[in-house]
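Okay, so here's the structure we're looking at.
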Amino acid sequence: MSEPGVAAARSPVRSWFGKKQSPGGSPSIPPVAPDHSKGIDLPPSHGLPASDLPATDLTTKRAHPMDADVHQDLVEAGAAGGMEAILIKMGASKSHVRFALDRARILKRPLPEVIRDVGLVSAEMVARAIAQMNSLPYFAPMEVEALDVAELARYAGLMEELQPFAPIGTNDRGGVLVAAASMQDVNRARNHFHEHRPTLCIASESTIQAVYRRYYARTLEALDTTVAALERAIEAGTETDNPGLVQEVVCCMLRYACYQGASDVFLSRSALGGIFKMKKDGTGEVVRSLPDAVFERVMTMLAGSSGATERLAQGPVDTRVTIDSPDVQAKFGDILHRYNFRMALTPAMKKRILAVIRIQDAHAQEVEFDSIGFDTRSNEILRGWIRRPAGLILVTGPTGSGKTTSLYSMLQMIDPLAKQIASVENPVEAEFSMWAQQEVVVKGDADEGDLFHKQLVSLLRQAPDVILLGEMRDSKVVAAVLAAANTGHLVFTTLHTKSAAGAILRLREMDASVDALAYTLIGVLAQRLVPTLCPHCKTPDSRDEVARELDQAWLEGLTKAPMRRTDGGCQRCGGTGIRGRRMVYEIMEGDKIRPLVEANAPISKIHDAGIQPGQSMWARSLLLVAAGLVDMDELRDRVERS
Ligand SMILES: [Zn+2]
């Protein structure tokens with residue numbers, strides 16, 4: 001069993017940044033044996049939550065120009081018999097690799113595309129295999145968020161457009177470290193950056209896209225230009241000449257928010273003008289002030305195009321952002337095809353409207369279970385859950401807690417050839433062609449809970465072994481889920497609760513039969529993401545209250561060096577004081593709490609029985625504070641103390 005915590009902490013790219021890499025370089029895949037010398041099992045950096053992760057272009061099925069090259073790599077490797085062996089050694093099953101190779105041959109499609117499509121071997125595993133074959137380091141998707149803004153800015157001039165490679169930092173010779181998707185791209189990258197003493201590593205194409213979008217795409221400049229153009233048109237009275245311009249402004253805002261990994265966009269108006277704000281990592285950030293006239297047109301367009309203008313007189317309206325100009329649709333296809341923009345419009349004072357747009361990433365997330373960030377023991381427990389033939393597995397956490405990522409990665413460990421996997425989701429956040437996936441589409445005043453229930457009932461007729469239900473919304477759905485888990489199905493679902501024990505309370509509130517729950521519950525995984533401090537600008541936190549908080553039995557013997565976020569950050573973190581995120585979680589095993597659930601015991605008792613001291617989400621969070629990785633104040637906002 002590999003130890004994900006250590007794997008992430010020791011990833012080759014980390015060591016590049018740490019400048020420990022010897023000039024000769026080492027093979028790409030470092031040993032991942034558990035390192036117990038540190039004495040603590042720190043939660044490692046986490047695969048990002050759904051909306052932030054680099055997506056693979058699954059729905060549009062366009063052949064990416066990079067694919068052909070990666071394919072060539074694999075063909076060459078295959079000729080030497082290497083790739084197949086490496087993938088199998090990495091944990092892919094023989095039958096799966098052969099199935100994918102066969103399918104690639106029959107369909108005459110590039111292997112990575114086939115592999116992704118059937119979901120048997122992840123694109124990340126393929127990238128790791130290419131790296132290993134060529135003795136290059138591998139750059140993992142979860143590292144994207146923690147790159148150094150200032151270092152990357154030096155190469156912005158060489159990244160005017162998306163390439164199949166991207167600079168990700170500085171190498172130990174003071175040159176550029178570039179990630180490329182295939183060996184052909186490695187050569188292209190060497191040429192492209194030949195004046196910058198490049199060294200190379202391998203990343204999946206979706207990781208490279210994510211790096212480009214996050215650090216090189218000039219989306220904010222584009223917004224400013226478009227806003228200025230609209231302002232000029234309004235002043236000159238020529239705005240009707242280009243009716244798509246307002247929609248373009250909206251799309252520029254959305255693209256910026258999507259590329260930055262925001263979860264929500266807020267549009268509101270102060271006395272002085274419009275405000276474009278977004279929420280990222282659970283924290284709000286004002287992006288731009290918009291001129292009054294521009295803002296007014298934006299809001300009119302958002303309300304009008306979604307047909308909400310009249311309904312707004314009666315109260316708030318839930319709708320979606322609708323872009324109907326074909327030109328704008330074409331220009332912003334990258335976000336309009338990939339993301340879902342649900343919008344809540346609320347009438348406010350003086351006939352103003354407030355808009356809150358929720359960003360949902362509708363594409364696949366390629367995250368491997370072992371790289372998510374569970375410690376060894378938790379990894380074993382969760383793997384045990386997945387092997388159970390029937391029962392209920394709950395993943396809980398607020399929006400943006402990474403729970404979808406955990407769910408999908410767990411489900412991806414189930415062999416889709418041997419088991420029938422079916423899902424009802426809203427929305428389908430990642431497509432897997434070997435699963436039977438249904439999407440709940442809410443129209444008009446239809447009740448979402450009713451629709452979930454109806455589709456779950458019809459799904460059960462398809463004789464699935466494994467069921468993923470996006471969310472339990474009401475008591476009817478809860479009853480149906482418990483019935484399914486009780487009749488030979490392995491059911492995965494989610495709840496919006498802050499703690500594992502909170503899930504039991506929520507289920508009681510939704511009239512779950514305590515007997516059925518006690519009988520079927522395999523376990524609850526509760527999780528959150530917490531922002532990690534920028535290593536360059538954090539400062540020691542010597543507050544007494546923090547020292548007191550860290551005075552816990554399970555932290556005894558550890559060096560405690562709490563740090564604080566610096567207001568205004570530094571250049572290297574883009575002024576945020578934050579670089580990346582880590583997952584904190586707690587796991588409650590059904591077996592440990594069964595009698596208490598049955599007896600309707602108080603939630604605090606269930607928590608104490610189900611979670612050992614030092615294993616709660618709060619306890620795992622304090623480890624991060626003690627290590628100086630997370631600001632205590634950030635935790636208090638995000639994690640329930642227990
Ligand atoms: Zn900083």
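Residues in the structure tokens are named by chain (A, B, ... in the order shown) and by number from 1 within that chain; ligands are numbered from 1 in the order shown.
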Return as JSON, numbers by chain the residues of protein, DNA or RNA that approach ligand 1 to within 9 Å, with only C-alpha atoms and all ligand atoms taken into account.
{"A": [148, 533, 534, 535, 536, 537, 538, 565, 566, 568, 569, 570, 571, 572, 573, 574, 575, 576, 577, 578, 579]}
May I have all residues of range 155-187 of chain A that DSSP, computed from the backbone, assigns to strand (DSSP E or B), given as a count of residues only?
11
DSSP on the backbone, then: every residue of range 153-219 of chain A marked alpha helix (DSSP H), written as a list in words.
Ala153, Met183, Gln184, Asp185, Val186, Asn187, Arg188, Ala189, Arg190, Asn191, His192, Glu205, Ser206, Thr207, Ile208, Gln209, Ala210, Val211 and Thr219 of chain A
Show me, as a PyMOL selection string, the residues that have an atom within 12 Å of Ser378 in chain A when counting only C-alpha atoms, minus same-chain residues fewer than 2 positions from it.
chain A and resi 1+3-5+41+43+369-370+372-376+380-385+523-525+584-589+611+615-616
Within 7 Å of range 253-266 of chain A, counting only C-alpha atoms, which residues show up once you throw out same-chain ones fewer than 4 positions away? Write them as a ChimeraX atom specification, please.
/A:51-52,213-214,219-220,223,249,276-280,335,355-359
Preceding selection exported with N, CA and C atoms as a PDB file, in the first residue's frame:
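The resulting file, out09.pdb, is reproduced below:
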```pdb
ATOM      1  N   SER A  51     -14.728  22.022  -8.720  1.00  0.00           N
ATOM      2  CA  SER A  51     -14.709  23.168  -9.613  1.00  0.00           C
ATOM      3  C   SER A  51     -13.303  23.613  -9.965  1.00  0.00           C
ATOM      4  N   ASP A  52     -12.320  23.181  -9.207  1.00  0.00           N
ATOM      5  CA  ASP A  52     -10.980  23.696  -9.454  1.00  0.00           C
ATOM      6  C   ASP A  52     -10.115  22.778 -10.284  1.00  0.00           C
ATOM      7  N   ARG A 213      -4.374  28.108 -17.841  1.00  0.00           N
ATOM      8  CA  ARG A 213      -5.565  28.900 -17.492  1.00  0.00           C
ATOM      9  C   ARG A 213      -5.343  29.720 -16.236  1.00  0.00           C
ATOM     10  N   ARG A 214      -4.676  29.103 -15.291  1.00  0.00           N
ATOM     11  CA  ARG A 214      -4.516  29.753 -14.004  1.00  0.00           C
ATOM     12  C   ARG A 214      -3.464  30.862 -14.043  1.00  0.00           C
ATOM     13  N   THR A 219      -7.078  36.739 -18.706  1.00  0.00           N
ATOM     14  CA  THR A 219      -8.525  36.888 -18.698  1.00  0.00           C
ATOM     15  C   THR A 219      -8.986  38.206 -18.077  1.00  0.00           C
ATOM     16  N   LEU A 220      -8.202  38.734 -17.163  1.00  0.00           N
ATOM     17  CA  LEU A 220      -8.611  39.987 -16.529  1.00  0.00           C
ATOM     18  C   LEU A 220      -8.400  41.165 -17.486  1.00  0.00           C
ATOM     19  N   LEU A 223     -11.237  41.233 -19.797  1.00  0.00           N
ATOM     20  CA  LEU A 223     -12.431  41.829 -19.184  1.00  0.00           C
ATOM     21  C   LEU A 223     -12.343  43.355 -19.245  1.00  0.00           C
ATOM     22  N   VAL A 249     -19.071  40.827 -21.931  1.00  0.00           N
ATOM     23  CA  VAL A 249     -18.599  41.288 -20.623  1.00  0.00           C
ATOM     24  C   VAL A 249     -18.906  40.221 -19.568  1.00  0.00           C
ATOM     25  N   PHE A 276     -17.961  43.456  -8.949  1.00  0.00           N
ATOM     26  CA  PHE A 276     -17.786  42.082  -9.394  1.00  0.00           C
ATOM     27  C   PHE A 276     -16.892  41.405  -8.355  1.00  0.00           C
ATOM     28  N   LYS A 277     -17.531  40.500  -7.611  1.00  0.00           N
ATOM     29  CA  LYS A 277     -16.830  39.831  -6.533  1.00  0.00           C
ATOM     30  C   LYS A 277     -16.869  38.341  -6.808  1.00  0.00           C
ATOM     31  N   MET A 278     -15.855  37.609  -6.357  1.00  0.00           N
ATOM     32  CA  MET A 278     -15.944  36.157  -6.494  1.00  0.00           C
ATOM     33  C   MET A 278     -15.513  35.490  -5.204  1.00  0.00           C
ATOM     34  N   LYS A 279     -15.908  34.219  -5.062  1.00  0.00           N
ATOM     35  CA  LYS A 279     -15.547  33.474  -3.872  1.00  0.00           C
ATOM     36  C   LYS A 279     -14.650  32.325  -4.299  1.00  0.00           C
ATOM     37  N   LYS A 280     -13.518  32.245  -3.625  1.00  0.00           N
ATOM     38  CA  LYS A 280     -12.531  31.221  -3.957  1.00  0.00           C
ATOM     39  C   LYS A 280     -11.993  30.669  -2.653  1.00  0.00           C
ATOM     40  N   ILE A 335     -15.615  27.793 -21.726  1.00  0.00           N
ATOM     41  CA  ILE A 335     -16.290  27.788 -20.418  1.00  0.00           C
ATOM     42  C   ILE A 335     -17.754  27.383 -20.535  1.00  0.00           C
ATOM     43  N   ALA A 355     -27.125  39.468  -8.170  1.00  0.00           N
ATOM     44  CA  ALA A 355     -26.996  38.157  -8.799  1.00  0.00           C
ATOM     45  C   ALA A 355     -25.896  37.364  -8.108  1.00  0.00           C
ATOM     46  N   VAL A 356     -26.203  36.102  -7.821  1.00  0.00           N
ATOM     47  CA  VAL A 356     -25.181  35.189  -7.322  1.00  0.00           C
ATOM     48  C   VAL A 356     -25.115  34.036  -8.312  1.00  0.00           C
ATOM     49  N   ILE A 357     -23.945  33.845  -8.909  1.00  0.00           N
ATOM     50  CA  ILE A 357     -23.793  32.793  -9.910  1.00  0.00           C
ATOM     51  C   ILE A 357     -22.913  31.699  -9.328  1.00  0.00           C
ATOM     52  N   ARG A 358     -23.461  30.504  -9.294  1.00  0.00           N
ATOM     53  CA  ARG A 358     -22.686  29.366  -8.777  1.00  0.00           C
ATOM     54  C   ARG A 358     -22.014  28.657  -9.948  1.00  0.00           C
ATOM     55  N   ILE A 359     -20.709  28.458  -9.805  1.00  0.00           N
ATOM     56  CA  ILE A 359     -19.954  27.830 -10.895  1.00  0.00           C
ATOM     57  C   ILE A 359     -19.795  26.345 -10.622  1.00  0.00           C
TER      58      ILE A 359
END
```
Point-to-point distance in Å for CA of Phe452 in chain A and CA of Val424 in chain A:
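CA of Phe452 in chain A lies at a distance of 7.0 Å from CA of Val424 in chain A.
When only C-alpha atoms are used to compute distances to Met413 in chain A, the closest of the residues A:Val466, A:Ala104, A:Asp544, A:Gly400 turns out to be A:Val466.
The neighbours of Ala418 in chain A here are the residues that come within 12 Å of it, using only C-alpha atoms and leaving out any residue fewer than 3 positions away in the same chain; they are Ser95, His96, Leu120, Met413, Ile414, Asp415, Ile421, Met434, Trp435, Pro464, Asp465 and Val466 of chain A.
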In Å, rounded to a single decimal, give me how far CA of Ala203 in chain A is from CA of Met90 in chain A.
16.3 Å
Counting only C-alpha atoms, what are the residues of range 363-401 of chain A within 12 Å of range 477-488 of chain A, and for each of them which pair of atoms is the nearest and at what distance in Å, to one decimal? Sort the table by chain and rising number, as a Markdown table.
```
| residue | atom | partner | partner_atom | distance |
| --- | --- | --- | --- | --- |
| A:Arg388 | CA | A:Gly488 | CA | 10.1 |
| A:Pro389 | CA | A:Gly488 | CA | 6.9 |
| A:Ala390 | CA | A:Gly488 | CA | 4.9 |
| A:Gly391 | CA | A:Ala485 | CA | 4.5 |
| A:Leu392 | CA | A:Ala485 | CA | 5.6 |
| A:Ile393 | CA | A:Ala485 | CA | 9.2 |
| A:Leu394 | CA | A:Val481 | CA | 11.0 |
```
Between CA of Pro167 in chain A and CA of Tyr155 in chain A, what is the distance, to one decimal in Å?
7.1 Å
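Ranking A:Leu623, A:Gly610, A:Ser604, A:Ala526 by their shortest atom-to-atom distance to Asp551 in chain A, with only C-alpha atoms included, puts A:Leu623 first.
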Fewer than 4 positions away in the same chain doesn't count, so skip those; otherwise give me all residues within 8 Å of Ala181 in chain A, counting only C-alpha atoms, as a ChimeraX atom specification.
/A:66,70,127,164-165,185-186,202-205,208
Those same residues - N, CA and C atoms - I'd like them written as a CSV table (one decimal), in the first residue's frame.
```
chain,number,residue,atom,x,y,z
A,66,MET,N,-2.5,17.2,-28.6
A,66,MET,CA,-1.5,16.5,-27.8
A,66,MET,C,-1.7,15.0,-27.8
A,70,VAL,N,1.1,11.8,-27.5
A,70,VAL,CA,1.1,10.9,-26.4
A,70,VAL,C,0.9,9.4,-26.9
A,127,ALA,N,0.4,9.6,-17.6
A,127,ALA,CA,1.5,10.6,-17.6
A,127,ALA,C,2.7,10.1,-16.7
A,164,PRO,N,1.1,22.7,-25.7
A,164,PRO,CA,1.1,21.4,-25.0
A,164,PRO,C,2.2,21.3,-24.0
A,165,PHE,N,2.7,22.4,-23.5
A,165,PHE,CA,3.7,22.5,-22.4
A,165,PHE,C,3.5,23.8,-21.7
A,185,ASP,N,6.4,16.7,-27.2
A,185,ASP,CA,6.2,18.0,-26.6
A,185,ASP,C,7.4,18.5,-25.8
A,186,VAL,N,8.1,17.5,-25.2
A,186,VAL,CA,9.3,17.8,-24.5
A,186,VAL,C,10.3,18.4,-25.4
A,202,ILE,N,7.1,15.7,-16.9
A,202,ILE,CA,5.9,15.3,-17.6
A,202,ILE,C,4.6,15.6,-16.7
A,203,ALA,N,3.6,16.1,-17.4
A,203,ALA,CA,2.3,16.3,-16.7
A,203,ALA,C,1.2,15.9,-17.7
A,204,SER,N,0.0,15.6,-17.2
A,204,SER,CA,-1.1,15.2,-18.1
A,204,SER,C,-1.5,16.5,-18.9
A,205,GLU,N,-2.1,16.3,-20.0
A,205,GLU,CA,-2.5,17.5,-20.8
A,205,GLU,C,-3.5,18.4,-20.0
A,208,ILE,N,-1.6,20.6,-17.7
A,208,ILE,CA,-0.9,21.7,-18.5
A,208,ILE,C,-2.0,22.8,-18.8
```
Leu459 in chain A: which residues within 8 Å, counting only C-alpha atoms, same-chain residues fewer than 4 positions away excluded, as JSON, numbers by chain?
{"A": [422, 423, 455, 463, 464]}
Please write the residues from the selection above to a file, keeping N, CA and C atoms, as an mmCIF file, in the first residue's frame.
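To be explicit, this is the file written out as again-v7.cif:
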```
data_model
loop_
_atom_site.group_PDB
_atom_site.id
_atom_site.type_symbol
_atom_site.label_atom_id
_atom_site.label_comp_id
_atom_site.auth_asym_id
_atom_site.auth_seq_id
_atom_site.Cartn_x
_atom_site.Cartn_y
_atom_site.Cartn_z
ATOM 1 N N ALA A 422 -24.204 2.611 -11.462
ATOM 2 C CA ALA A 422 -25.214 3.536 -11.970
ATOM 3 C C ALA A 422 -25.295 4.759 -11.071
ATOM 4 N N SER A 423 -25.643 5.899 -11.657
ATOM 5 C CA SER A 423 -25.710 7.107 -10.836
ATOM 6 C C SER A 423 -26.887 7.993 -11.197
ATOM 7 N N GLN A 455 -36.063 9.056 -10.287
ATOM 8 C CA GLN A 455 -34.975 8.488 -11.086
ATOM 9 C C GLN A 455 -34.256 7.369 -10.347
ATOM 10 N N ALA A 463 -30.912 -3.159 -12.323
ATOM 11 C CA ALA A 463 -30.069 -4.117 -11.600
ATOM 12 C C ALA A 463 -28.628 -3.649 -11.402
ATOM 13 N N PRO A 464 -28.441 -2.463 -10.833
ATOM 14 C CA PRO A 464 -27.056 -2.039 -10.568
ATOM 15 C C PRO A 464 -26.499 -2.722 -9.323
#
```
